[in-house]
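Working notes, structure below.
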Amino acid sequence: MSKRIDVKDLNVYYGDFLAVEGVNMTIEPRSVTALIGPSGCGKSTFLRTLNRMHEVIPGARVEGEALMDGQNLYAPDVDPVQVRRQVGMVFQRPNPFPTMSIADNVLAGVKLNNNRIRKSEAEALVEESLRGANLWNEVKDRLDRPGSSLSGGQQQRLCIARAIAVKPQVLLMDEPCSALDPISTLAIEDLMAELKDEYTIVIVTHNMQQAARVSDRTGFFNIAGTGKPGHLIEMDDTEKMFSSPSVKDTEDYISGRFG
Amino acid sequence: MTTTTAPVLQRAGHLPRWAPWVILAGAFVAAFLLLTVISEPTIASVALVGGILFVVAVWAASRAVEGPRRAKDRLATSLVTGAFILAMIPLVSLVWIVLARGASLMSWDFLTTDMTGIFGDMREGGALHAIIGTLWVTGIASLISIPLGIFTAIYLVEYGRGRLARAITILVDVMTGIPSIVAGLFAFAFFTIIVGPAYRSAFMGAIALAVLMTPVVVRSVEEMLRLVPNELREASYALGVPKWLTVVKVVLRTAIAGITTGVMIAIARVIGETAPLLMTTGIIATTNNDPFEGRMATLPVFAYRQYAQGGVGVERAWAAALTLVAIVMLLNLVARLVSRYFSPKGIS
């Protein structure tokens with residue numbers, strides 16, 4: 001159920017502006033890969049290229065290759081919609097659909113695609129996904145209530161349940177805890193530890209402790225200055241990155257002596 | 001236990017709750033007396049002078065007792081309230097006059113008979129043919145403009161980029177300002193070329209109204225679609241939902257309450273149009289149920305014609321106006337129910 005991703009010489013543009021340059025990266029299956037770096041260095045932009053969400057912004061484009069188990073996601077005959085079914089995404093701010101109930105939010109991937117699903121299967125899928133997101137016990141008695149009636153942390157876990165309900169191979173998380181309190185953050189970090197048995201997880205985070213706690217491998221992005229493209233400076237096992245990084249910039253950033 | 005407030009936090013002074021009302025009454029009495037001395041007092045002049053006196057007096061009293069900051073607050077409150085009352089006056093008086101004058105002839109008979117065989121000072125006859133005609137004309141106009149307007153708005157918000165979208169936006173803006181008589185002339189000229197000079201039908205009028213209605217629909221739907229947060233679109237894309245399904249099932253679904261309201265405003269805008277219908281759909285005394293052939297009466301034109309005839313016609317005109325207002329209110333009520341049913345459920 002999980003795949004590895006190899007990124008080769010990836011350049012990401014917004015129109016003529018080169019936002020991220022020359023990324024080479026291997027993302028291992030069944031592991032958590034954390035991307036860290038200062039604001040505006042292109043981590044999120046890079047993350048969004050892994051499920052072709054980048055190109056929904058007008059003028060945005062990508063050069064280079066992103067291979068998922070050998071298949072280039074940017075090959076001409078690849079349908080971005082199919083890519084997104086394989087590579088799910090959780091956003092910075094919880095964004096449940098306001099018109100849908102909790103159960104319908106979980107089933108959104110099925111229902112919005114006009115796929116028919118039997119009632120028993122739907123119920124099973126809702127339970128399985130909500131259990132997977134550690135939310136089942138909290139909401140099982142009010143599945144027909146609106147998704148927006150939940151707290152922020154619960155909404156974010158609902159969004160995770162929604163993402164894993166379509167059974168992706170890879171799960172991308174763009175600062176999933178930055179809008180949450182420490183308790184909700186802990187719940188989501190625990191969840192990531194469980195989910196990595198089944199999924200390949202890539203997480204962008206500003207929180208160094210979080211990267212150290214949850215990830216197996218860490219990549220550090222940096223930017224030389226405003227208006228210059230972001231680069232992947234270094235990528236290694238998390239333990240090594242946080243104890244003895246090979247690049248000085250990484251050490252400065254991680255130890256807070258940055259800039 | 002009594003608590004003492006630190007001196008810095010204490011209020012300087014406070015006008016009692018009844019003070020504004022006393023000042024209001026005082027202002028009106030003063031205005032009345034003042035105007036009796038100068039000239040004959042009327043309701044309007046007493047209200048106007050009293051209102052101004054009230055605003056000034058409240059401000060002055062508050063400044064003296066409560067200090068300049070509270071005084072500014074009270075000034076703003078009375079100005080805003082005054083603006084609200086001023087805006088309500090025409091609305092309330094309009095509804096009141098239509099109700100009062102329309103009631104004299106309003107009856108079940110008025111709503112269920114047409115004007116066949118009615119002449120002179122006969123008090124019988126009604127507006128059934130005009131009600132049917134208004135429903136036909138407005139209905140066809142809505143059938144044309146609502147889909148057209150919604151699709152244009154979707155194009156502008158979700159797909160349109162660059163020159164074409166900008167051109168459409170400008171054209172829609174220009175169309176919003178078209179005088180209704182020009183729309184009527186357009187339909188008139190259009191059908192004269194296509195069908196022939198003597199052609200009159202409800203469809204012709206509907207085309208004229210659609211020209212007026214479409215830009216209103218486009219504008220309001222566009223505003224509503226832009227209000228849908230981009231995050232919802234992204235959430236949908238990230239689930240592997242194609243763009244067109246995202247538009248239909250997420251964007252339109254989230255905005256449906258606002259779209260309904262906008263469409264209703266557009267309908268209300270055209271349902272009372274008289275000028276373009278006068279030259280396209282015309283007027284007739286009998287019920288015509290074929291929207292593609294022959295003249296058809298509509299409520300605004302019916303009211304206009306009856307009023308011009310004078311006599312009992314004036315009463316019929318008011319009754320027709322009342323009917324029209326009632327139809328618009330009914331449509332609004334339906335729209336409210338629809339938008340309440342569809343609106344996003346919040347914390348409940």
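Within each chain, counting starts at residue 1; across the structure tokens, chains are named A, B, ... in the order shown, with ligands numbered 1 upward in that order.
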
**OP:** Please identify every residue of chain B that has at least one atom no more than 9 Å from any atom of chain A, counting only C-alpha atoms, and report them as a list in words.
**Re:**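 Applying the cut-off to the listed atoms yields Arg161, Glu231, Leu232, Glu234, Ala235, Ser236, Tyr237, Ala238, Leu239, Gly240, Val241, Pro242, Lys243, Leu245, Thr246, Lys249, Val250, Arg253, Thr254, Phe342, Ser343, Pro344, Lys345, Gly346, Ile347 and Ser348 of chain B.
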
Query raised in the report: What's the 10 Å shell around segment 246-251 of chain A, counting only C-alpha atoms, without same-chain residues fewer than 4 positions away, as an NGL selection string?
Result: :A and (36-37 or 219-222 or 233-236 or 240-242 or 255-259)

- Message: Neighbouring residues of segment 24-36 of chain B were defined as those with any atom within 7 Å, considering only C-alpha atoms; residues of the same chain fewer than 4 positions away were excluded. Please report them as a ChimeraX atom specification.
- Response: /B:20,40-41,46-47,49-50,53-54

Selected residues, C-alpha atoms, written as a PDB file, in the first residue's frame, please.
```pdb
ATOM      1  CA  PRO B  20     -32.407  59.763  25.064  1.00  0.00           C
ATOM      2  CA  GLU B  40     -47.791  76.079  10.020  1.00  0.00           C
ATOM      3  CA  PRO B  41     -46.231  72.877  11.437  1.00  0.00           C
ATOM      4  CA  VAL B  46     -41.648  68.627  12.772  1.00  0.00           C
ATOM      5  CA  ALA B  47     -39.945  65.248  12.226  1.00  0.00           C
ATOM      6  CA  VAL B  49     -36.441  69.732  12.708  1.00  0.00           C
ATOM      7  CA  GLY B  50     -37.083  67.519  15.763  1.00  0.00           C
ATOM      8  CA  LEU B  53     -32.574  68.981  17.390  1.00  0.00           C
ATOM      9  CA  PHE B  54     -32.445  65.500  18.935  1.00  0.00           C
TER      10      PHE B  54
END
```

- prompt: Can you list, as a PyMOL selection string, every protein, DNA or RNA residue that comes within 12 Å of Leu333 of chain B when you count only C-alpha atoms, leaving out same-chain residues fewer than 4 positions away?
  reply: chain B and resi 260-261+264-265+326-329+337-340

Since we have the selection now, will you write its residues out, keeping N, CA and C atoms, as a PDB file, in the first residue's frame?
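As written to disk, result.pdb reads:
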```pdb
ATOM      1  N   THR B 260     -29.193  31.389  -4.939  1.00  0.00           N
ATOM      2  CA  THR B 260     -30.650  31.480  -4.933  1.00  0.00           C
ATOM      3  C   THR B 260     -31.097  32.911  -4.660  1.00  0.00           C
ATOM      4  N   THR B 261     -30.481  33.526  -3.654  1.00  0.00           N
ATOM      5  CA  THR B 261     -30.843  34.902  -3.335  1.00  0.00           C
ATOM      6  C   THR B 261     -30.570  35.817  -4.531  1.00  0.00           C
ATOM      7  N   MET B 264     -33.106  35.411  -7.234  1.00  0.00           N
ATOM      8  CA  MET B 264     -34.386  36.010  -6.852  1.00  0.00           C
ATOM      9  C   MET B 264     -34.361  37.524  -7.047  1.00  0.00           C
ATOM     10  N   ILE B 265     -33.236  38.127  -6.682  1.00  0.00           N
ATOM     11  CA  ILE B 265     -33.118  39.576  -6.879  1.00  0.00           C
ATOM     12  C   ILE B 265     -33.225  39.899  -8.369  1.00  0.00           C
ATOM     13  N   ALA B 326     -47.229  41.089  -4.162  1.00  0.00           N
ATOM     14  CA  ALA B 326     -47.449  39.813  -3.471  1.00  0.00           C
ATOM     15  C   ALA B 326     -46.656  38.696  -4.137  1.00  0.00           C
ATOM     16  N   ILE B 327     -46.630  38.673  -5.482  1.00  0.00           N
ATOM     17  CA  ILE B 327     -45.877  37.626  -6.191  1.00  0.00           C
ATOM     18  C   ILE B 327     -44.393  37.721  -5.835  1.00  0.00           C
ATOM     19  N   VAL B 328     -43.857  38.947  -5.856  1.00  0.00           N
ATOM     20  CA  VAL B 328     -42.428  39.118  -5.541  1.00  0.00           C
ATOM     21  C   VAL B 328     -42.138  38.649  -4.111  1.00  0.00           C
ATOM     22  N   MET B 329     -43.040  39.019  -3.178  1.00  0.00           N
ATOM     23  CA  MET B 329     -42.843  38.594  -1.782  1.00  0.00           C
ATOM     24  C   MET B 329     -42.857  37.073  -1.667  1.00  0.00           C
ATOM     25  N   LEU B 337     -36.567  30.064   2.013  1.00  0.00           N
ATOM     26  CA  LEU B 337     -36.669  28.673   2.460  1.00  0.00           C
ATOM     27  C   LEU B 337     -35.603  27.823   1.793  1.00  0.00           C
ATOM     28  N   VAL B 338     -35.436  28.030   0.474  1.00  0.00           N
ATOM     29  CA  VAL B 338     -34.443  27.240  -0.258  1.00  0.00           C
ATOM     30  C   VAL B 338     -33.056  27.487   0.319  1.00  0.00           C
ATOM     31  N   SER B 339     -32.721  28.776   0.528  1.00  0.00           N
ATOM     32  CA  SER B 339     -31.354  29.049   0.974  1.00  0.00           C
ATOM     33  C   SER B 339     -31.150  28.579   2.413  1.00  0.00           C
ATOM     34  N   ARG B 340     -32.219  28.611   3.216  1.00  0.00           N
ATOM     35  CA  ARG B 340     -32.040  28.083   4.574  1.00  0.00           C
ATOM     36  C   ARG B 340     -31.790  26.579   4.531  1.00  0.00           C
TER      37      ARG B 340
END
```

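For the pair atom CA of Thr286 of chain B and atom CA of Met115 of chain B, the separation is 5.9 Å.
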
(request) Within 12 Å of Arg131 of chain A, counting only C-alpha atoms, which residues show up once you throw out same-chain ones fewer than 4 positions away? Write them as a ChimeraX atom specification, please. (result) /A:106,124-127,135-140,157-158,160-162,164-165,191,194-195

Selection above as a file: C-alpha atoms, as a PDB file, in the first residue's frame:
```pdb
ATOM      1  CA  VAL A 106     -15.097  11.020   5.139  1.00  0.00           C
ATOM      2  CA  ALA A 124     -17.603   0.290   7.057  1.00  0.00           C
ATOM      3  CA  LEU A 125     -15.401   2.762   5.185  1.00  0.00           C
ATOM      4  CA  VAL A 126     -16.423   5.611   7.484  1.00  0.00           C
ATOM      5  CA  GLU A 127     -15.643   3.580  10.577  1.00  0.00           C
ATOM      6  CA  LEU A 135     -11.388  10.048  15.676  1.00  0.00           C
ATOM      7  CA  TRP A 136     -13.962   7.260  15.739  1.00  0.00           C
ATOM      8  CA  ASN A 137     -14.551   7.186  19.493  1.00  0.00           C
ATOM      9  CA  GLU A 138     -15.102  10.919  19.653  1.00  0.00           C
ATOM     10  CA  VAL A 139     -17.611  11.215  16.807  1.00  0.00           C
ATOM     11  CA  LYS A 140     -19.275   7.828  16.424  1.00  0.00           C
ATOM     12  CA  ARG A 157      -8.149  14.466  11.995  1.00  0.00           C
ATOM     13  CA  LEU A 158     -11.388  14.418  10.018  1.00  0.00           C
ATOM     14  CA  ILE A 160      -6.861  12.979   7.562  1.00  0.00           C
ATOM     15  CA  ALA A 161      -9.688  10.416   7.670  1.00  0.00           C
ATOM     16  CA  ARG A 162     -11.042  11.933   4.468  1.00  0.00           C
ATOM     17  CA  ILE A 164      -7.034   8.016   3.844  1.00  0.00           C
ATOM     18  CA  ALA A 165     -10.583   6.993   2.890  1.00  0.00           C
ATOM     19  CA  LEU A 191      -1.452   9.065  14.309  1.00  0.00           C
ATOM     20  CA  GLU A 194       0.618   4.496  13.198  1.00  0.00           C
ATOM     21  CA  LEU A 195      -0.054   5.512   9.625  1.00  0.00           C
TER      22      LEU A 195
END
```

Skipping near chain neighbours, those fewer than 6 positions away, what residues fall within 9 Å of Ser44 of chain A using only C-alpha atoms, listed as a PDB file with N, CA and C atoms, in the first residue's frame?
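So result17.pdb came out as:
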```
ATOM      1  N   LEU A  35      10.127  17.681   5.952  1.00  0.00           N
ATOM      2  CA  LEU A  35      10.801  18.752   5.224  1.00  0.00           C
ATOM      3  C   LEU A  35      10.786  19.985   6.122  1.00  0.00           C
ATOM      4  N   ASP A 174       0.912  19.219   4.820  1.00  0.00           N
ATOM      5  CA  ASP A 174       1.500  20.554   4.737  1.00  0.00           C
ATOM      6  C   ASP A 174       1.271  21.281   6.056  1.00  0.00           C
ATOM      7  N   GLU A 175       2.220  21.246   6.935  1.00  0.00           N
ATOM      8  CA  GLU A 175       2.102  21.843   8.266  1.00  0.00           C
ATOM      9  C   GLU A 175       0.774  21.491   8.921  1.00  0.00           C
ATOM     10  N   VAL A 204       5.573  18.597   5.915  1.00  0.00           N
ATOM     11  CA  VAL A 204       6.275  19.879   5.997  1.00  0.00           C
ATOM     12  C   VAL A 204       5.998  20.446   7.367  1.00  0.00           C
TER      13      VAL A 204
END
```
